[in-house]
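A.B. asks: Could you have a look at this structure, given as structure tokens, before my questions?
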Amino acid sequence: MSTVRFGIIGLGNMGSHHARYMNTVPGAALAAVCDIEAAKLEKFTTELKVPGFKTATEMMASGSVDAILIAVPHYDHMPMAAEAFARGIHVLCEKPIAVSVKAAREGIAAYHAALKKFPTLKFGIVFQQRTNALYQRLRDLIVGGELGEISRITWIVTNWFRTWTYYASGGWRATWKGEGGGVLINQCPHNLDLIHYVVGGLMPSRVTAVGFVGKTHPIEVEDDISAIFEYPNGASGHFITTTGEAPGTNRLEIAGDRGKIVAEDGKLTFHRTRKSVTEINRTSPESFAHVDTWKCEIPFTPGGDVHKLITDQFVDVIVKNKPNDTLIAPGPEGVKGLEIGNAIMMSGLTRRPVELPVDGAAYDAFIEEMARKYGGKKTLETKDAPANMGASFQKV
């Protein structure tokens with residue numbers, strides 16, 4: 001295949017961005033667009049001079065696309081992907097891969113089943129922050145062994161401040177039925193992906209969290225959550241996020257046997273110990289030993305449009321028929337960050353620890369319970385929510 005004919009499904013903020021750059025991707029051509037809103041569809045078919053379809057099924061059945069890019073609400077990601085796989089159509093999916101691990105696992109199983117009939121089929125996910133030069137450099141250092149064995153991973157990411165106006169911008173937003181959650185499923189999928197990606201895939205085995213529904217906004221989903229991770233190697237981790245704090249922080253610390261690496265304010269700083277921390281701890285004759293440390297600013301060169309970089313490589317893998325796992329972000333890896341997020345959510349709102357791997361059926365039942373308990377309590381569409389409404393939602 002010399003040219004990959006792409007169809008974009010969903011013409012919101014992200015879908016329209018992908019559509020507008022697609023013809024600049026080497027080996028790709030925008031062949032069709034799809035959206036359920038007639039006015040939006042007409043606008044883009046006129047602007048981009050491509051056929052438009054009202055449904056994803058019509059687009060995929062038309063024979064006009066070799067690959068699709070899915071940029072629709074979260075719950076529709078895997079059903080659309082599974083339909084494409086069954087037709088032998090390549091899939092590049094926007095994050096998150098799904099709302100629940102059960103749906104993600106089912107989508108991944110559909111992909112693997114389709115490979116028996118279509119062995120060259122590709123499946124990627126738009127985790128564009130994996131192409132960010134800072135995180136690439138961080139991963140290289142850790143996977144290359146510069147930090148030694150990991151002992152702690154801490155990410156404070158509270159720079160997601162959102163106003164009541166933001167949550168009022170769509171009836172689907174910040175609802176269990178529309179999004180399947182709040183800050184974890186909307187703002188944090190990239191952080192939850194990176195927190196395992198930069199350390200070479202190390203996943204927690206147990207999560208304990210405290211979360212709040214509508215703590216600072218009159219919404220029915222979580223907007224403030226803090227979690228503690230336990231890892232199989234004995235390491236600990238922390239993940240703290242909210243949409244109600246300003247000024248926010250975005251600080252990732254990873255500690256290991258050879259010091260600590262900090263990612264903050266667009267900089268990467270390695271506080272490297274001259275000797276193994278474990279060795280000093282076990283062999284030093286001093287009670288309060290000084291640990292000789294060098295502070296090193298790690299250089300890296302920023303790249304281009306991170307979204308386009310993902311698509312560029314996805315097309316290259318299709319055209320050259322490279323293995324799917326050579327993708328920067330293979331689709332099946334999308335379940336990992338989602339699983340961490342599901343564990344945080346369930347632990348935080350039930351106040352009980354959650355073991356990984358997450359029980360998919362139990363998580364789906366939890367989401368249904370949350371929808372029954374809090375569904376319909378979002379009142380921002382009317383702009384008349386009482387000032388103390390958020391406080392009434394805090395305790396689960």
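Ligands are numbered from 1 in the order shown, chains are lettered A, B, ... in the order of the structure tokens, and residues start at 1 in each chain.
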List every residue of range 94-261 of chain A that DSSP, applied to the backbone of this structure, assigns to helix (DSSP H, G or I), and report them as an MDAnalysis selection string.
C.D. replies: chainID A and resid 101:114 128:131 133:143 164:167 183:186 189:197
A.B. asks: Generate a file of the selected residues that holds N, CA and C atoms, formatted as a compact mmCIF listing (two decimals), in the first residue's frame.
C.D. replies:
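So the final result, stored in selection-v4.txt, reads:
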# COMPACT_ATOMS: atom_id res chain seq x y z
N VAL A 101 -11.81 -1.05 31.76
CA VAL A 101 -10.85 -2.07 31.30
C VAL A 101 -11.56 -3.20 30.58
N LYS A 102 -12.77 -3.53 30.96
CA LYS A 102 -13.50 -4.62 30.30
C LYS A 102 -13.72 -4.28 28.83
N ALA A 103 -14.19 -3.06 28.55
CA ALA A 103 -14.40 -2.65 27.16
C ALA A 103 -13.09 -2.60 26.40
N ALA A 104 -12.03 -2.13 27.06
CA ALA A 104 -10.72 -2.07 26.40
C ALA A 104 -10.22 -3.47 26.06
N ARG A 105 -10.35 -4.39 27.01
CA ARG A 105 -9.90 -5.76 26.77
C ARG A 105 -10.69 -6.41 25.64
N GLU A 106 -11.98 -6.12 25.57
CA GLU A 106 -12.80 -6.68 24.50
C GLU A 106 -12.37 -6.13 23.14
N GLY A 107 -12.05 -4.84 23.09
CA GLY A 107 -11.58 -4.24 21.85
C GLY A 107 -10.25 -4.82 21.41
N ILE A 108 -9.35 -5.02 22.37
CA ILE A 108 -8.04 -5.59 22.06
C ILE A 108 -8.20 -7.04 21.57
N ALA A 109 -9.12 -7.79 22.20
CA ALA A 109 -9.38 -9.16 21.77
C ALA A 109 -9.92 -9.18 20.34
N ALA A 110 -10.78 -8.20 20.00
CA ALA A 110 -11.31 -8.11 18.64
C ALA A 110 -10.19 -7.84 17.64
N TYR A 111 -9.22 -7.03 18.04
CA TYR A 111 -8.08 -6.77 17.17
C TYR A 111 -7.27 -8.04 16.93
N HIS A 112 -6.96 -8.76 17.99
CA HIS A 112 -6.15 -9.98 17.84
C HIS A 112 -6.90 -11.04 17.03
N ALA A 113 -8.23 -11.10 17.19
CA ALA A 113 -9.02 -12.04 16.40
C ALA A 113 -8.99 -11.68 14.92
N ALA A 114 -9.06 -10.38 14.63
CA ALA A 114 -9.06 -9.92 13.24
C ALA A 114 -7.72 -10.17 12.55
N GLN A 128 0.03 11.12 22.22
CA GLN A 128 1.04 11.96 21.59
C GLN A 128 2.12 12.44 22.56
N GLN A 129 1.82 12.42 23.87
CA GLN A 129 2.85 12.85 24.81
C GLN A 129 4.04 11.88 24.87
N ARG A 130 3.85 10.68 24.33
CA ARG A 130 4.98 9.76 24.23
C ARG A 130 6.04 10.28 23.24
N THR A 131 5.62 11.18 22.35
CA THR A 131 6.58 11.76 21.41
C THR A 131 7.23 13.01 21.96
N ALA A 133 9.68 15.25 23.62
CA ALA A 133 11.12 15.01 23.78
C ALA A 133 11.51 14.86 25.25
N LEU A 134 10.85 15.58 26.14
CA LEU A 134 11.17 15.47 27.57
C LEU A 134 10.90 14.06 28.07
N TYR A 135 9.71 13.52 27.75
CA TYR A 135 9.36 12.19 28.24
C TYR A 135 10.15 11.10 27.52
N GLN A 136 10.48 11.34 26.26
CA GLN A 136 11.33 10.39 25.54
C GLN A 136 12.70 10.28 26.22
N ARG A 137 13.26 11.44 26.56
CA ARG A 137 14.57 11.47 27.21
C ARG A 137 14.51 10.83 28.60
N LEU A 138 13.43 11.10 29.33
CA LEU A 138 13.25 10.52 30.65
C LEU A 138 13.18 9.00 30.56
N ARG A 139 12.41 8.51 29.61
CA ARG A 139 12.30 7.06 29.42
C ARG A 139 13.65 6.44 29.05
N ASP A 140 14.38 7.10 28.17
CA ASP A 140 15.69 6.58 27.75
C ASP A 140 16.62 6.42 28.96
N LEU A 141 16.62 7.42 29.84
CA LEU A 141 17.47 7.36 31.03
C LEU A 141 17.10 6.20 31.95
N ILE A 142 15.80 6.04 32.17
CA ILE A 142 15.35 5.03 33.12
C ILE A 142 15.47 3.62 32.55
N VAL A 143 14.99 3.44 31.31
CA VAL A 143 15.08 2.12 30.68
C VAL A 143 16.54 1.73 30.45
N TRP A 164 -16.64 26.54 36.41
CA TRP A 164 -18.01 26.05 36.24
C TRP A 164 -18.44 26.22 34.79
N THR A 165 -17.98 27.28 34.15
CA THR A 165 -18.32 27.52 32.74
C THR A 165 -17.83 26.38 31.85
N TYR A 166 -16.64 25.87 32.14
CA TYR A 166 -16.11 24.74 31.38
C TYR A 166 -17.06 23.55 31.45
N TYR A 167 -17.48 23.20 32.65
CA TYR A 167 -18.35 22.04 32.82
C TYR A 167 -19.74 22.27 32.26
N VAL A 183 -11.98 14.05 36.14
CA VAL A 183 -10.60 14.43 35.87
C VAL A 183 -9.74 13.24 35.43
N LEU A 184 -9.99 12.05 35.94
CA LEU A 184 -9.16 10.90 35.58
C LEU A 184 -9.35 10.47 34.14
N ILE A 185 -10.60 10.47 33.66
CA ILE A 185 -10.87 9.97 32.32
C ILE A 185 -10.78 11.08 31.28
N ASN A 186 -10.89 12.33 31.71
CA ASN A 186 -10.88 13.45 30.76
C ASN A 186 -9.51 14.11 30.67
N PRO A 189 -5.62 11.01 31.09
CA PRO A 189 -5.18 9.79 30.40
C PRO A 189 -3.71 9.81 29.97
N HIS A 190 -3.19 10.96 29.55
CA HIS A 190 -1.78 11.01 29.14
C HIS A 190 -0.86 10.82 30.33
N ASN A 191 -1.19 11.43 31.47
CA ASN A 191 -0.37 11.25 32.67
C ASN A 191 -0.38 9.80 33.12
N LEU A 192 -1.56 9.17 33.08
CA LEU A 192 -1.68 7.79 33.51
C LEU A 192 -0.97 6.84 32.55
N ASP A 193 -0.89 7.22 31.29
CA ASP A 193 -0.11 6.42 30.34
C ASP A 193 1.39 6.60 30.59
N LEU A 194 1.80 7.83 30.75
CA LEU A 194 3.23 8.11 30.91
C LEU A 194 3.79 7.56 32.22
N ILE A 195 2.97 7.48 33.26
CA ILE A 195 3.49 7.08 34.56
C ILE A 195 3.98 5.63 34.54
N HIS A 196 3.49 4.83 33.58
CA HIS A 196 4.06 3.48 33.41
C HIS A 196 5.01 3.43 32.22
N TYR A 197 4.76 4.25 31.20
CA TYR A 197 5.57 4.22 29.98
C TYR A 197 7.01 4.65 30.25
A.B. asks: When you look at range 204-214 of chain A with a cut-off of 7 Å (counting only C-alpha atoms), what residues show up, excluding the ones that are within fewer than 2 positions of it in the same chain? I need them as a VMD selection string.
C.D. replies: chain A and resid 202 216 to 232 343 to 344 347 to 349 351 to 356 390 393 to 395
A.B. asks: Can you work out which one of A:Ala289, A:Leu41, A:Val306, A:Ile150 has the shortest atom-to-atom distance to Lys54 in chain A, counting only C-alpha atoms?
C.D. replies: A:Leu41
A.B. asks: Write out as JSON, numbers by chain the residues lying within 9 Å of Ala84 in chain A, counting only C-alpha atoms and excluding same-chain residues fewer than 6 positions away.
C.D. replies: {"A": [57, 60, 67, 68, 90, 91]}
A.B. asks: Once you have the residues from the selection above, write them out as a PDB file, in the first residue's frame, restricted to C-alpha atoms.
C.D. replies:
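Saved to result33.pdb:
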ATOM      1  CA  THR A  57     -20.746   2.233   9.542  1.00  0.00           C
ATOM      2  CA  MET A  60     -16.454   1.927   6.654  1.00  0.00           C
ATOM      3  CA  ALA A  67      -7.781   3.466   7.961  1.00  0.00           C
ATOM      4  CA  ILE A  68      -9.906   5.427  10.387  1.00  0.00           C
ATOM      5  CA  HIS A  90      -6.612   0.025  10.334  1.00  0.00           C
ATOM      6  CA  VAL A  91      -7.496   1.993  13.480  1.00  0.00           C
TER       7      VAL A  91
END
A.B. asks: Between A:Glu42, A:Asp76, A:Asp66, A:Asp265, which residue has the minimum interatomic distance to Ile89 in chain A, considering only C-alpha atoms?
C.D. replies: A:Asp66
A.B. asks: Give me the residues near Trp176 in chain A as a list in words, where near means some atom within 8 Å (using only C-alpha atoms) and where sequence neighbours in that chain fewer than 3 positions away do not count.
C.D. replies: Glu179, Gly180, Gly181, Glu220, Val221, Ile367, Met370, Ala371 and Gly375 of chain A
A.B. asks: Under the rule that only C-alpha atoms are counted, which of A:Ser2, A:Asn23, A:Thr269, A:Thr158 is the nearest residue to Cys188 in chain A?
C.D. replies: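 Under the stated criterion, the closest residue is A:Thr158.
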